Amino acid sequence: MATLKEKRTCGQRCEDFGRFVWNSDNGTFMGRTPVKWVYISLYYLAFYVVMTGLFCLAIYVLMYTLDPYAPDYQDRLKSPGVMVWPDTYGEEKVEINYNTSDKCSWMKMTNILNKFLEPYNDTAQHECYNHNCTKGKYYIQNTFSAPDHTKWACSFTKSMLGPCSGHEDPTFGYNCSMPCVVIKMNRIINFLPTNETEPPPYVNCTILEGHDNVDKMEYFPEGGIMDRSYFPYYGKQAQPMYVNPLVAVRFHLVGERSAKIQCRVVSHQISYQNYHDPYEGKVDFSLKAVK
């Protein structure tokens with residue numbers, strides 16, 4: 001029968017550990033001689049230097065082949081998405097519900113619009129050295145002629161939204177039954193929404209539910225047009241001061257003052273029947289004013 005291993009004391013264990021750290025008989029430190037420690041340190045130093053160099057070379061080659069002004073692949077962005085403000089989302093869609101008798105309720109909507117329209121202030125647009133471009137023509141730029149090696153952008157001021165600009169009515173109509181919503185089309189680099197012979201893209205809203213509750217719709221700028229001069233968009237680095245053209249729609253609510261609405265950007269180059277992307281080319285939202 002094998003004898004039981006002698007139980008070692010704490011002092012003996014500490015002595016064994018100290019001998020492992022430095023063995024004066026063999027001249028080893030943690031099991032290796034100083035020469036072997038030098039060899040293994042040099043090996044790992046050379047290994048990590050080579051690995052770091054290969055990684056830096058791979059990143060350099062990758063960055064050298066990338067275009068800093070446009071992504072290499074844009075095949076998923078054939079048609080732009082469309083958004084609406086105030087962007088008060090419910091469970092699945094935008095629900096613009098407010099109470100005309102409750103100041104906190106309708107002030108929430110006006111605050112959202114004021115914050116969204118801050119970049120469109122006349123002063124801000126002037127400071128961004130944006131151009132007053134030729135209306136009706138695409139602003140094609142083949143060179144970086146703007147300051148800091150960038151391209152010019154056409155100015156869009158919120159005063160162009162007329163009664164929905166917040167100048168005439170700071171409440172945007174939310175203290176009564178004439179609310180304004182703002183429609184924005186998302187950006188796609190080098191996207192041209194129409195041919196030169198076709199009319200410019202414009203916003204058209206239709207009532208899906210509650211037809212009797214909407215007496216009239218008004219578009220600003222007139223006709224809901226997104227002028228061609230704001231296209232094409234060349235990217236954030238090429239056009240850091242670019243702002244999207246907007247269209248404001250003012251609804252005159254009557255009756256129950258509730259409706260489900262779809263606003264679409266109309267153009268032959270913009271699709272809107274993509275089942276998998278409900279915001280492509282259009283946006284659905286509900287609008288309800290409660291007394």
# chains A, B, ... in the order shown; residues from 1 in each chain; ligands from 1
>>> closest_atom_pairs(of="stretch 130-164 of chain A", to="stretch 243-252 of chain A", cutoff="10 Å", atoms="only C-alpha atoms", output="Markdown table")
| residue | atom | partner | partner_atom | distance |
| --- | --- | --- | --- | --- |
| A:Asn130 | CA | A:Val243 | CA | 9.6 |
| A:Ala153 | CA | A:Val243 | CA | 7.7 |
| A:Cys154 | CA | A:Val243 | CA | 8.0 |
| A:Ser155 | CA | A:Val243 | CA | 7.4 |
| A:Phe156 | CA | A:Pro245 | CA | 6.4 |
| A:Thr157 | CA | A:Pro245 | CA | 9.0 |
| A:Lys158 | CA | A:Leu246 | CA | 8.6 |
| A:Met160 | CA | A:Leu246 | CA | 8.9 |
| A:Leu161 | CA | A:Ala248 | CA | 6.0 |
| A:Gly162 | CA | A:Ala248 | CA | 8.5 |
| A:Pro163 | CA | A:Arg250 | CA | 8.5 |
| A:Cys164 | CA | A:Ala248 | CA | 6.3 |
>>> select_by_dssp(residues="stretch 174-273 of chain A", states="strand (DSSP E)", output="ChimeraX atom specification")
/A:180-185,202-209,214-220,246-253,258-266
>>> write_last_selection(atoms="C-alpha atoms", output="PDB file, in the first residue's frame")
ATOM      1  CA  CYS A 180     -47.693  72.073 -39.414  1.00  0.00           C
ATOM      2  CA  VAL A 181     -45.511  69.048 -40.078  1.00  0.00           C
ATOM      3  CA  VAL A 182     -42.134  69.092 -41.808  1.00  0.00           C
ATOM      4  CA  ILE A 183     -41.162  66.468 -44.385  1.00  0.00           C
ATOM      5  CA  LYS A 184     -37.511  65.646 -45.005  1.00  0.00           C
ATOM      6  CA  MET A 185     -36.007  63.283 -47.568  1.00  0.00           C
ATOM      7  CA  TYR A 202     -42.439  67.261 -54.740  1.00  0.00           C
ATOM      8  CA  VAL A 203     -44.288  66.160 -51.637  1.00  0.00           C
ATOM      9  CA  ASN A 204     -47.848  64.930 -51.929  1.00  0.00           C
ATOM     10  CA  CYS A 205     -49.896  63.943 -48.878  1.00  0.00           C
ATOM     11  CA  THR A 206     -52.975  61.738 -48.988  1.00  0.00           C
ATOM     12  CA  ILE A 207     -55.520  61.002 -46.280  1.00  0.00           C
ATOM     13  CA  LEU A 208     -55.655  57.278 -45.549  1.00  0.00           C
ATOM     14  CA  GLU A 209     -58.244  57.500 -42.777  1.00  0.00           C
ATOM     15  CA  VAL A 214     -59.144  67.328 -42.910  1.00  0.00           C
ATOM     16  CA  ASP A 215     -60.601  70.356 -44.623  1.00  0.00           C
ATOM     17  CA  LYS A 216     -57.476  71.513 -46.462  1.00  0.00           C
ATOM     18  CA  MET A 217     -53.726  70.952 -46.861  1.00  0.00           C
ATOM     19  CA  GLU A 218     -51.195  73.660 -47.709  1.00  0.00           C
ATOM     20  CA  TYR A 219     -47.609  73.088 -48.885  1.00  0.00           C
ATOM     21  CA  PHE A 220     -44.587  75.312 -48.274  1.00  0.00           C
ATOM     22  CA  LEU A 246     -37.658  70.644 -46.515  1.00  0.00           C
ATOM     23  CA  VAL A 247     -41.359  70.796 -47.241  1.00  0.00           C
ATOM     24  CA  ALA A 248     -43.857  71.904 -44.606  1.00  0.00           C
ATOM     25  CA  VAL A 249     -47.493  70.821 -44.771  1.00  0.00           C
ATOM     26  CA  ARG A 250     -50.208  72.640 -42.835  1.00  0.00           C
ATOM     27  CA  PHE A 251     -53.370  70.686 -42.119  1.00  0.00           C
ATOM     28  CA  HIS A 252     -56.726  72.291 -41.391  1.00  0.00           C
ATOM     29  CA  LEU A 253     -58.391  69.810 -39.044  1.00  0.00           C
ATOM     30  CA  SER A 258     -58.041  63.077 -36.318  1.00  0.00           C
ATOM     31  CA  ALA A 259     -56.569  61.479 -39.444  1.00  0.00           C
ATOM     32  CA  LYS A 260     -54.059  58.961 -40.693  1.00  0.00           C
ATOM     33  CA  ILE A 261     -51.867  60.487 -43.390  1.00  0.00           C
ATOM     34  CA  GLN A 262     -49.257  59.362 -45.891  1.00  0.00           C
ATOM     35  CA  CYS A 263     -46.797  61.873 -47.347  1.00  0.00           C
ATOM     36  CA  ARG A 264     -44.807  60.774 -50.356  1.00  0.00           C
ATOM     37  CA  VAL A 265     -41.963  62.358 -52.320  1.00  0.00           C
ATOM     38  CA  VAL A 266     -43.147  62.019 -55.906  1.00  0.00           C
TER      39      VAL A 266
END
>>> closest_atom_pairs(of="stretch 149-217 of chain A", to="stretch 100-119 of chain A", cutoff="6 Å", atoms="only C-alpha atoms", output="JSON lines")
{"residue": "A:Thr171", "atom": "CA", "partner": "A:Thr110", "partner_atom": "CA", "distance": 5.6}
{"residue": "A:Tyr174", "atom": "CA", "partner": "A:Trp106", "partner_atom": "CA", "distance": 5.4}
{"residue": "A:Asn175", "atom": "CA", "partner": "A:Thr100", "partner_atom": "CA", "distance": 4.9}
{"residue": "A:Cys176", "atom": "CA", "partner": "A:Thr100", "partner_atom": "CA", "distance": 5.6}
>>> atom_distance(atom1="atom CA of A:Pro232", atom2="atom CA of A:Leu192")
5.8 Å
>>> closest_residue(among="A:Val290, A:Ala70, A:Val84, A:Val283", to="A:Phe191", atoms="only C-alpha atoms")
A:Ala70
>>> atom_distance(atom1="atom CA of A:Gln237", atom2="atom CA of A:Asp67")
10.8 Å
>>> select_by_dssp(residues="stretch 2-243 of chain A", states="helix (DSSP H, G or I)", output="ChimeraX atom specification")
/A:10-21,34-65,103-116,118-120,122-127,158-164,211-213,222-224,228-230
>>> atom_distance(atom1="atom CA of A:Pro199", atom2="atom CA of A:Lys137")
11.1 Å
>>> closest_residue(among="A:Tyr139, A:Tyr279, A:Trp85, A:Tyr98", to="A:Arg257", atoms="only C-alpha atoms")
A:Tyr98
>>> residues_around(residues="A:Gly31", least_positions_apart="3", cutoff="9 Å", atoms="only C-alpha atoms", output="list in words")
Phe20, Val21, Trp22, Asn23 and Thr28 of chain A
>>> residues_around(residues="A:Gln269", least_positions_apart="5", cutoff="9 Å", atoms="only C-alpha atoms", output="count of residues only")
6
>>> closest_residue(among="A:His276, A:Lys151, A:Arg32, A:His211", to="A:Gly235", atoms="only C-alpha atoms")
A:Lys151
